[in-house]
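Everything below belongs to structure15.csv, which stores CSV, C-alpha atoms and all ligand atoms.
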chain,number,residue,atom,x,y,z
A,1,MET,CA,119.5,120.0,97.0
A,2,GLY,CA,119.4,118.7,93.5
A,3,THR,CA,119.0,122.2,92.1
A,4,VAL,CA,119.0,121.5,88.3
A,5,GLY,CA,117.6,118.0,89.1
A,6,ARG,CA,114.5,119.7,90.3
A,7,GLU,CA,114.6,122.6,87.8
A,8,ILE,CA,114.2,120.2,84.9
A,9,ILE,CA,110.9,118.8,86.3
A,10,GLY,CA,109.2,122.2,86.1
A,11,PRO,CA,105.8,123.0,87.7
A,12,GLU,CA,105.0,119.3,88.2
A,13,ALA,CA,107.7,118.8,90.9
A,14,ASP,CA,105.4,119.6,93.9
A,15,LYS,CA,102.7,117.2,92.6
A,16,ILE,CA,105.3,114.5,92.3
A,17,ILE,CA,106.7,115.1,95.8
A,18,ASP,CA,103.1,114.9,97.1
A,19,LEU,CA,102.6,111.6,95.4
A,20,LEU,CA,105.9,110.2,96.6
A,21,ASN,CA,104.9,111.1,100.1
A,22,GLN,CA,101.6,109.3,99.7
A,23,GLY,CA,103.7,106.3,98.7
A,24,ILE,CA,106.1,106.7,101.7
A,25,ALA,CA,103.0,106.7,104.0
A,26,ALA,CA,101.6,103.6,102.4
A,27,GLU,CA,104.9,101.8,102.4
A,28,VAL,CA,105.5,102.6,106.1
A,29,ASN,CA,102.1,101.2,106.9
A,30,ASP,CA,102.8,98.1,104.8
A,31,ALA,CA,106.3,97.5,106.2
A,32,TYR,CA,105.0,97.8,109.8
A,33,ARG,CA,101.9,95.7,109.1
A,34,TYR,CA,103.9,92.9,107.4
A,35,LEU,CA,106.4,92.8,110.3
A,36,LEU,CA,103.5,92.8,112.8
A,37,LEU,CA,101.8,90.0,111.0
A,38,SER,CA,105.0,87.9,110.9
A,39,ARG,CA,104.9,88.0,114.7
A,40,TYR,CA,101.1,87.9,115.1
A,41,ALA,CA,100.2,84.9,112.9
A,42,ALA,CA,99.5,81.7,114.8
A,43,GLY,CA,98.4,78.2,113.9
A,44,ILE,CA,99.6,75.4,111.7
A,45,TYR,CA,99.9,77.5,108.5
A,46,SER,CA,101.7,80.3,110.3
A,47,ARG,CA,105.4,79.4,110.0
A,48,PRO,CA,106.0,79.7,106.2
A,49,VAL,CA,103.6,82.6,105.9
A,50,ALA,CA,105.3,84.4,108.7
A,51,GLU,CA,108.6,84.1,106.9
A,52,LEU,CA,106.9,85.5,103.7
A,53,PHE,CA,105.5,88.4,105.7
A,54,GLU,CA,108.9,89.2,107.2
A,55,ARG,CA,110.6,89.1,103.8
A,56,THR,CA,107.9,91.3,102.3
A,57,SER,CA,108.2,93.8,105.2
A,58,GLN,CA,111.9,94.2,104.3
A,59,HIS,CA,111.0,94.8,100.6
A,60,GLU,CA,108.5,97.5,101.7
A,61,TRP,CA,111.1,99.2,103.9
A,62,GLY,CA,113.3,99.3,100.8
A,63,HIS,CA,110.6,101.1,98.9
A,64,VAL,CA,110.3,103.7,101.8
A,65,ALA,CA,114.1,104.4,101.4
A,66,LEU,CA,113.8,104.7,97.6
A,67,LEU,CA,110.9,107.2,97.8
A,68,MET,CA,112.6,109.2,100.6
A,69,ASP,CA,115.7,109.5,98.5
A,70,ARG,CA,113.7,110.8,95.6
A,71,VAL,CA,111.8,113.4,97.7
A,72,THR,CA,115.0,114.8,99.1
A,73,GLN,CA,116.6,114.9,95.7
A,74,LEU,CA,113.6,117.0,94.6
A,75,GLY,CA,114.1,119.4,97.5
A,76,GLY,CA,111.0,118.3,99.3
A,77,ASP,CA,110.5,117.0,102.9
A,78,PRO,CA,109.8,113.2,103.1
A,79,MET,CA,106.9,112.5,105.6
A,80,LEU,CA,108.4,113.8,108.9
A,81,ALA,CA,106.6,111.6,111.3
A,82,PRO,CA,105.2,108.1,111.1
A,83,ALA,CA,102.0,109.4,112.8
A,84,GLU,CA,101.2,111.1,109.5
A,85,ALA,CA,101.1,107.8,107.6
A,86,GLY,CA,97.4,107.1,108.3
A,87,GLU,CA,96.3,110.4,106.9
A,88,ARG,CA,98.8,110.6,103.9
A,89,SER,CA,98.6,107.1,102.6
A,90,TYR,CA,96.5,106.5,99.5
A,91,VAL,CA,94.9,103.5,101.2
A,92,ALA,CA,93.6,102.9,104.8
A,93,TYR,CA,95.7,100.9,107.2
A,94,GLN,CA,94.3,97.4,107.6
A,95,PRO,CA,94.7,96.1,111.2
A,96,PRO,CA,95.2,92.4,111.6
A,97,PRO,CA,92.2,90.1,112.0
A,98,LYS,CA,91.1,89.6,115.7
A,99,ASP,CA,92.0,85.9,115.5
A,100,PRO,CA,95.8,85.4,115.1
A,101,ALA,CA,95.0,82.0,113.5
A,102,ASP,CA,93.1,83.7,110.7
A,103,VAL,CA,96.3,83.6,108.5
A,104,ARG,CA,94.3,83.2,105.4
A,105,GLY,CA,92.4,86.5,106.2
A,106,MET,CA,95.8,88.2,106.7
A,107,VAL,CA,96.9,87.0,103.3
A,108,ARG,CA,93.7,88.2,101.7
A,109,ASP,CA,93.9,91.6,103.3
A,110,SER,CA,97.6,91.8,102.2
A,111,LEU,CA,96.5,91.1,98.6
A,112,ALA,CA,94.2,94.1,98.7
A,113,GLY,CA,97.1,96.2,99.8
A,114,GLU,CA,99.4,95.0,97.0
A,115,ARG,CA,96.7,95.6,94.4
A,116,ALA,CA,96.3,99.2,95.7
A,117,ALA,CA,100.1,99.6,95.5
A,118,ILE,CA,100.1,98.3,91.9
A,119,ARG,CA,97.5,100.9,90.9
A,120,PHE,CA,99.4,103.6,92.8
A,121,TYR,CA,102.8,103.0,91.1
A,122,ARG,CA,101.1,102.6,87.7
A,123,ASN,CA,99.6,106.1,88.2
A,124,LEU,CA,102.9,107.5,89.5
A,125,TYR,CA,104.6,106.2,86.5
A,126,ASP,CA,102.1,107.8,84.2
A,127,VAL,CA,102.4,111.2,86.0
A,128,ALA,CA,106.2,111.1,86.0
A,129,ARG,CA,106.9,109.5,82.6
A,130,GLU,CA,107.1,112.7,80.5
A,131,VAL,CA,108.5,115.1,83.1
A,132,ASP,CA,110.5,113.1,85.6
A,133,PRO,CA,112.2,110.0,84.1
A,134,VAL,CA,114.0,109.3,87.4
A,135,THR,CA,110.8,109.0,89.4
A,136,ALA,CA,109.2,107.1,86.5
A,137,GLN,CA,112.0,104.6,86.8
A,138,ILE,CA,111.5,104.2,90.6
A,139,ALA,CA,107.8,103.8,90.0
A,140,ARG,CA,108.4,101.1,87.3
A,141,ASP,CA,110.8,99.1,89.5
A,142,ALA,CA,108.4,99.3,92.5
A,143,LEU,CA,105.5,98.4,90.3
A,144,ALA,CA,107.4,95.2,89.2
A,145,ASP,CA,108.0,94.4,92.9
A,146,GLU,CA,104.4,94.9,93.9
A,147,ILE,CA,103.2,92.7,91.0
A,148,ASP,CA,105.6,90.1,92.3
A,149,ASP,CA,104.1,90.4,95.8
A,150,GLU,CA,100.6,90.1,94.4
A,151,ASP,CA,101.6,87.0,92.5
A,152,GLU,CA,103.2,85.4,95.5
A,153,LEU,CA,100.1,86.0,97.7
A,154,GLU,CA,97.8,84.8,95.0
A,155,ARG,CA,99.8,81.6,94.7
A,156,LEU,CA,99.5,81.1,98.5
A,157,LEU,CA,95.7,81.6,98.4
A,158,ALA,CA,95.2,79.3,95.4
A,159,GLY,CA,93.5,76.1,96.6
A,160,TRP,CA,93.7,77.2,100.3
A,161,HIS,CA,90.3,76.3,101.7
A,162,GLU,CA,89.6,76.3,105.4
B,201,FE,FE,106.0,98.4,98.4
B,202,FE,FE,104.3,95.0,98.2
Translate the structure described by the file into structure tokens.
Amino acid sequence: MGTVGREIIGPEADKIIDLLNQGIAAEVNDAYRYLLLSRYAAGIYSRPVAELFERTSQHEWGHVALLMDRVTQLGGDPMLAPAEAGERSYVAYQPPPKDPADVRGMVRDSLAGERAAIRFYRNLYDVAREVDPVTAQIARDALADEIDDEDELERLLAGWHE
């Protein structure tokens, strides 16, 4: 699929497919984790934060879809099983804190994940920019989304002392 679409990328195509799959793995983990947290969080701060977690989960699933589309366009296989996500992700999965009322801890851990995503998409953009403008555009759009996520979480944490 995407015969000339892949041809124009040249020898970098496999490297880009590999990076896209690292992104899929991380986004699957993120999407699952945010959805989990939206159900797991408890305590007086939990309601609005749970809504944010659920909304963010949907955005991260959207990233999974974008990256999958690009891998198939390039003739590659998107990560074939979610069980591979732990190994293929560029960042380790962060399980929720033991205490479901530690909502602040959940937000703090999520912030670390968003920052890792920002660095990942920045790098993907750099790798793709010259050879694969379509992937570069996806990386740029996702980068903007992750920066938005970071900003939202930072605002939530600002002045939140327990
Ligand atoms: Fe994402
Ligand atoms: Fe994000």
- Do you have the atom CA of Ile147 of chain A-atom CA of Gly23 of chain A distance handy? 15.6 Å
- Once you count only C-alpha atoms and all ligand atoms, which residues end up within 8 Å of ligand FE 201 (chain B), and could you hand them over as a list in words? Ala26, Glu27, Asp30, Ala31, His59, Glu60, Trp61, Gly62, His63, Val64, Glu114, Ala117, Ala142, Asp145 and Glu146 of chain A
- With a distance cut-off of 10 Å and only C-alpha atoms, select the neighbouring residues of Ile17 of chain A, excluding the residue or stretch itself and same-chain residues fewer than 5 positions from it, and output the selection as a VMD selection string. chain A and resid 12 22 to 23 67 to 68 70 to 78 135
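Taking atom CA of Ile118 of chain A as the reference point, atom CA of Glu54 of chain A is found at 19.9 Å.
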- Query: Using all atoms listed in the file, which of A:Ala158, A:Ala128, A:Ala85, A:Val49 sits nearest Asn29 of chain A?
  - Reply: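 Counting all atoms listed in the file, the residue closest to Asn29 of chain A is A:Ala85.
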- Mind giving me the straight-line distance from atom CA of Leu35 of chain A to atom CA of Ala50 of chain A in Å, one decimal?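 It comes out at 8.6 Å.
Using all atoms listed in the file, every residue with an atom at most 7 Å from the point (99.8, 102.1, 93.1) is listed here: Ala116, Ala117, Ile118, Arg119, Phe120, Tyr121, Arg122 and Asn123 of chain A.
Restricting the calculation to only C-alpha atoms and all ligand atoms, the smallest distance between ligand FE 202 (chain B) and any of A:Ala65, A:Leu111, A:Ala41, A:Ala139 is found for A:Leu111.
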- Message: Please list as a PyMOL selection string every residue within 10 Å of Pro11 of chain A, counting all atoms listed in the file and excluding residues in the same chain fewer than 5 positions away.
- Response: chain A and resi 6+16+131
- Task: Return the single residue from A:Asp132, A:Ser89, A:Leu66, A:Arg33 that is closest to Ile9 of chain A, with distances computed using all atoms listed in the file.
- Result: A:Asp132
- Can you work out which one of A:Glu51, A:Glu154, A:Asp148, A:Glu7 has the shortest atom-to-atom distance to ligand FE 202 (chain B), counting all atoms listed in the file?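 Closest residue, counting all atoms listed in the file: A:Asp148.
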- Message: Measuring between all atoms listed in the file, which one of A:Arg88, A:Arg55, A:Arg155, A:Arg39 shows the shortest distance to ligand FE 202 (chain B)?
- Response: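 Using all atoms listed in the file, ligand FE 202 (chain B) sits closest to A:Arg55.
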